[in-house]
Amino acid sequence: MTRFSFSLDATDGAARTGVISTPRGDIRTPAFMPVGTAATVKAMMPESVRATGADILLGNTYHLMLRPGAERIAGLGGLHRFMNWDRPILTDSGGFQVMSLAELRKLTEKGVTFRSHIDGSKHELTPERSMEIQKLLGSDIVMCFDECPALPADDARVAESMRLSMRWAERSKQAFGDRPGHALFGIMQGGVTQHLREESAEALKAIGFDGYAVGGLAVGEGQEAMFGVLDYAPGMLPQDKPRYLMGVGKPDDIVGAVKRGIDMMDCVLPSRSGRTGQAWTRRGQVNIKNARHADDPRPLDEHCSCPACRGYSRAYLHHVFRAQEMISGMLLTWHNLHYYQEIMQGMRDAIAEGRFADWEAEFHRQREMGDIEKL
Ligand SMILES: [Zn+2]
């Protein structure tokens, strides 16, 4: 049986490329993980998600525990079988979503009690229950249960929260136990304060994990502050384990994170944008609902090989969005996910060949040119 492992194949500056091996297949890094919140990447068939180049999906513990329920999914053969995706799945711990319920939740040393956003029913999440749910789902990469304070928060509050998350990380590790072929990732906290990040990294390394996430970013601190943390945080984590930046981001966030030593990312942005008429291309963001596309026979991006760009005009994409046809979200989501995976492949190749700086300069140059109409 293949065990979970990570091989770091090349570095270029702080940027890294490698492969995470799991019994369900390899994950090429840097990797972008599309988000399948409710056991589906919205508007996409699993084979379509795979066709964009995704090696791994993310599932949300919070949503799946409430509906349809982790025990039910386990009874139906686990999340992979349930959603017809046989490749690796990473599940979050539920912590982040529960914390964002604000006044609907109660936090103690033991864990969090909260009311469902669906029907108001009362639930409890603890490190132990989060590990149990992620095991029931059959997740390949399990995340520690943690708390993430909303920013801005003062250092005392960030420190208190981080230390609670470190105690929960220890409990998560105990509850996870020994599961060959499955991985448990620790989550670094500490906000935008360097010595708290250091303290968190040391605590996690002392426990020992299969991979390490940089948590508590992309929560409203802005790109400059996020990059500020990423200038030092990845270097505090073990060189030989994958590093995951949670909930990021826009294409330029992703490139900036990889440049600073991040190996994995996830974000709802490409799929969510696809449903609201927003496309991401090499030339930046395109709003397909804009009237200027109504008579435009050109594809969204003439260099893109996705089905939306190969078969359809901007005029058609504009029309189906305005007419609220389902194919609108399907095509734009496919394009966006394809574009994100193309960025990842471009970075993997560039890092392997030692030309990441040139690749990055070209990435920014094309974006600064703006959408094709401005040519
Ligand atoms: Zn396309």
# chains A, B, ... in the order shown; residues from 1 in each chain; ligands from 1
>>> residues_around(residues="range 217-228 of chain A", least_positions_apart="2", cutoff="10 Å", atoms="only C-alpha atoms", output="PyMOL selection string")
chain A and resi 148-152+189-194+214-215+230-233+245-250+252-253+256-257+259-260
>>> closest_atom_pairs(of="chain A", to="ligand 1", cutoff="6 Å", atoms="only C-alpha atoms and all ligand atoms", output="CSV")
residue,atom,partner,partner_atom_place_in_ligand_line,distance
A:Asp301,CA,ligand 1,1 (Zn),5.9
A:Cys304,CA,ligand 1,1 (Zn),4.5
A:Ser305,CA,ligand 1,1 (Zn),5.8
A:Cys306,CA,ligand 1,1 (Zn),4.2
A:Ala308,CA,ligand 1,1 (Zn),5.3
A:Cys309,CA,ligand 1,1 (Zn),4.2
A:His335,CA,ligand 1,1 (Zn),4.1
>>> select_by_dssp(residues="range 47-91 of chain A", states="strand (DSSP E)", output="ChimeraX atom specification")
/A:57-59,89-91
>>> residues_around(residues="range 3-17 of chain A", least_positions_apart="4", cutoff="7 Å", atoms="only C-alpha atoms", output="PyMOL selection string")
chain A and resi 21-23+29-30+180-183+240-242+258-261+263+348+351-352+354+356
>>> write_last_selection(atoms="all heavy atoms", output="short mmCIF file (atom, residue, chain, number, x, y, z; two decimals), in the first residue's frame")
data_model
loop_
_atom_site.label_atom_id
_atom_site.label_comp_id
_atom_site.auth_asym_id
_atom_site.auth_seq_id
_atom_site.Cartn_x
_atom_site.Cartn_y
_atom_site.Cartn_z
N SER A 21 2.39 11.82 -2.76
CA SER A 21 1.86 10.52 -3.16
C SER A 21 0.87 10.03 -2.12
O SER A 21 1.13 10.10 -0.92
CB SER A 21 2.99 9.50 -3.29
OG SER A 21 3.87 9.91 -4.31
N THR A 22 -0.28 9.56 -2.60
CA THR A 22 -1.29 8.98 -1.71
C THR A 22 -1.81 7.70 -2.37
O THR A 22 -1.63 7.52 -3.58
CB THR A 22 -2.50 9.93 -1.50
OG1 THR A 22 -3.41 9.76 -2.61
CG2 THR A 22 -2.09 11.38 -1.39
N PRO A 23 -2.47 6.83 -1.60
CA PRO A 23 -3.02 5.60 -2.20
C PRO A 23 -4.04 5.91 -3.29
O PRO A 23 -4.31 5.07 -4.14
CB PRO A 23 -3.68 4.90 -1.01
CG PRO A 23 -2.95 5.41 0.18
CD PRO A 23 -2.61 6.84 -0.13
N THR A 29 2.59 19.32 -7.03
CA THR A 29 2.62 20.61 -6.34
C THR A 29 3.57 21.57 -7.06
O THR A 29 4.54 21.11 -7.66
CB THR A 29 3.06 20.46 -4.88
OG1 THR A 29 4.43 20.06 -4.84
CG2 THR A 29 2.20 19.47 -4.13
N PRO A 30 3.28 22.90 -6.97
CA PRO A 30 2.15 23.50 -6.28
C PRO A 30 0.82 23.08 -6.90
O PRO A 30 0.68 22.99 -8.10
CB PRO A 30 2.38 25.02 -6.42
CG PRO A 30 3.40 25.18 -7.48
CD PRO A 30 4.19 23.93 -7.54
N PRO A 180 -2.32 4.55 8.26
CA PRO A 180 -1.43 4.52 7.08
C PRO A 180 -2.18 4.90 5.81
O PRO A 180 -3.31 4.48 5.59
CB PRO A 180 -0.99 3.05 7.03
CG PRO A 180 -1.16 2.54 8.42
CD PRO A 180 -2.33 3.28 8.98
N GLY A 181 -1.53 5.71 4.98
CA GLY A 181 -2.16 6.13 3.73
C GLY A 181 -2.97 7.40 3.87
O GLY A 181 -3.39 7.99 2.88
N HIS A 182 -3.25 7.80 5.11
CA HIS A 182 -3.98 9.03 5.36
C HIS A 182 -3.05 10.01 6.07
O HIS A 182 -2.17 9.60 6.81
CB HIS A 182 -5.21 8.78 6.22
CG HIS A 182 -6.21 7.87 5.56
ND1 HIS A 182 -7.30 8.34 4.88
CD2 HIS A 182 -6.24 6.53 5.45
CE1 HIS A 182 -7.97 7.31 4.37
NE2 HIS A 182 -7.35 6.20 4.72
N ALA A 183 -3.28 11.30 5.84
CA ALA A 183 -2.40 12.32 6.40
C ALA A 183 -3.17 13.26 7.31
O ALA A 183 -4.35 13.52 7.10
CB ALA A 183 -1.76 13.11 5.27
N ASP A 240 10.70 19.39 4.33
CA ASP A 240 10.35 18.13 3.66
C ASP A 240 8.88 17.74 3.78
O ASP A 240 8.52 16.60 3.53
CB ASP A 240 11.24 17.00 4.20
CG ASP A 240 11.05 16.78 5.70
OD1 ASP A 240 10.40 17.63 6.37
OD2 ASP A 240 11.54 15.77 6.22
N LYS A 241 8.03 18.69 4.19
CA LYS A 241 6.58 18.40 4.28
C LYS A 241 5.81 19.44 3.47
O LYS A 241 6.25 20.58 3.33
CB LYS A 241 6.11 18.49 5.75
CG LYS A 241 6.84 17.58 6.70
CD LYS A 241 6.41 16.13 6.56
CE LYS A 241 7.11 15.30 7.64
NZ LYS A 241 7.05 13.89 7.37
N PRO A 242 4.64 19.04 2.92
CA PRO A 242 3.85 20.01 2.17
C PRO A 242 3.34 21.16 3.05
O PRO A 242 3.06 20.96 4.23
CB PRO A 242 2.66 19.18 1.65
CG PRO A 242 2.90 17.78 2.01
CD PRO A 242 4.04 17.71 2.97
N VAL A 258 3.00 30.95 -4.00
CA VAL A 258 3.93 29.92 -4.49
C VAL A 258 5.35 30.47 -4.50
O VAL A 258 6.30 29.78 -4.10
CB VAL A 258 3.50 29.43 -5.90
CG1 VAL A 258 4.60 28.60 -6.55
CG2 VAL A 258 2.20 28.63 -5.81
N LYS A 259 5.49 31.71 -4.92
CA LYS A 259 6.80 32.38 -4.92
C LYS A 259 7.44 32.35 -3.54
O LYS A 259 8.66 32.27 -3.39
CB LYS A 259 6.60 33.83 -5.37
CG LYS A 259 7.84 34.67 -5.41
CD LYS A 259 7.46 36.11 -5.73
CE LYS A 259 8.69 36.99 -5.89
NZ LYS A 259 8.30 38.35 -6.33
N ARG A 260 6.58 32.38 -2.50
CA ARG A 260 7.07 32.43 -1.12
C ARG A 260 7.13 31.06 -0.45
O ARG A 260 7.30 30.96 0.76
CB ARG A 260 6.20 33.40 -0.32
CG ARG A 260 6.41 34.85 -0.77
CD ARG A 260 5.35 35.80 -0.20
NE ARG A 260 5.68 37.19 -0.51
CZ ARG A 260 5.41 37.78 -1.69
NH1 ARG A 260 4.82 37.10 -2.65
NH2 ARG A 260 5.75 39.05 -1.88
N GLY A 261 6.94 29.97 -1.22
CA GLY A 261 7.17 28.64 -0.65
C GLY A 261 5.95 27.84 -0.27
O GLY A 261 6.05 26.88 0.50
N ASP A 263 2.86 25.20 -1.17
CA ASP A 263 2.71 24.05 -2.08
C ASP A 263 1.26 23.75 -2.47
O ASP A 263 1.02 23.08 -3.47
CB ASP A 263 3.26 22.78 -1.43
CG ASP A 263 4.71 22.94 -1.00
OD1 ASP A 263 5.52 23.34 -1.84
OD2 ASP A 263 5.01 22.67 0.18
N ARG A 348 4.64 25.02 -12.03
CA ARG A 348 5.39 23.78 -11.79
C ARG A 348 6.52 23.63 -12.81
O ARG A 348 7.66 23.31 -12.44
CB ARG A 348 4.44 22.56 -11.86
CG ARG A 348 3.49 22.47 -10.68
CD ARG A 348 2.79 21.11 -10.63
NE ARG A 348 1.86 20.88 -11.72
CZ ARG A 348 0.54 21.05 -11.66
NH1 ARG A 348 -0.02 21.49 -10.54
NH2 ARG A 348 -0.23 20.79 -12.70
N ILE A 351 9.30 26.34 -12.21
CA ILE A 351 10.15 26.05 -11.04
C ILE A 351 11.11 24.91 -11.37
O ILE A 351 12.31 24.98 -11.08
CB ILE A 351 9.28 25.69 -9.80
CG1 ILE A 351 8.42 26.88 -9.37
CG2 ILE A 351 10.17 25.23 -8.64
CD1 ILE A 351 7.27 26.52 -8.43
N ALA A 352 10.59 23.87 -12.03
CA ALA A 352 11.43 22.71 -12.38
C ALA A 352 12.57 23.13 -13.30
O ALA A 352 13.67 22.56 -13.24
CB ALA A 352 10.58 21.63 -13.05
N GLY A 354 13.86 26.22 -13.39
CA GLY A 354 14.63 27.33 -12.83
C GLY A 354 14.37 28.68 -13.49
O GLY A 354 15.25 29.53 -13.54
N PHE A 356 11.36 30.61 -12.75
CA PHE A 356 10.13 31.11 -12.11
C PHE A 356 10.03 32.63 -12.21
O PHE A 356 8.96 33.18 -12.46
CB PHE A 356 10.04 30.66 -10.65
CG PHE A 356 8.74 31.08 -10.00
CD1 PHE A 356 7.58 30.36 -10.23
CD2 PHE A 356 8.67 32.21 -9.19
CE1 PHE A 356 6.37 30.75 -9.66
CE2 PHE A 356 7.46 32.60 -8.61
CZ PHE A 356 6.31 31.87 -8.86
#
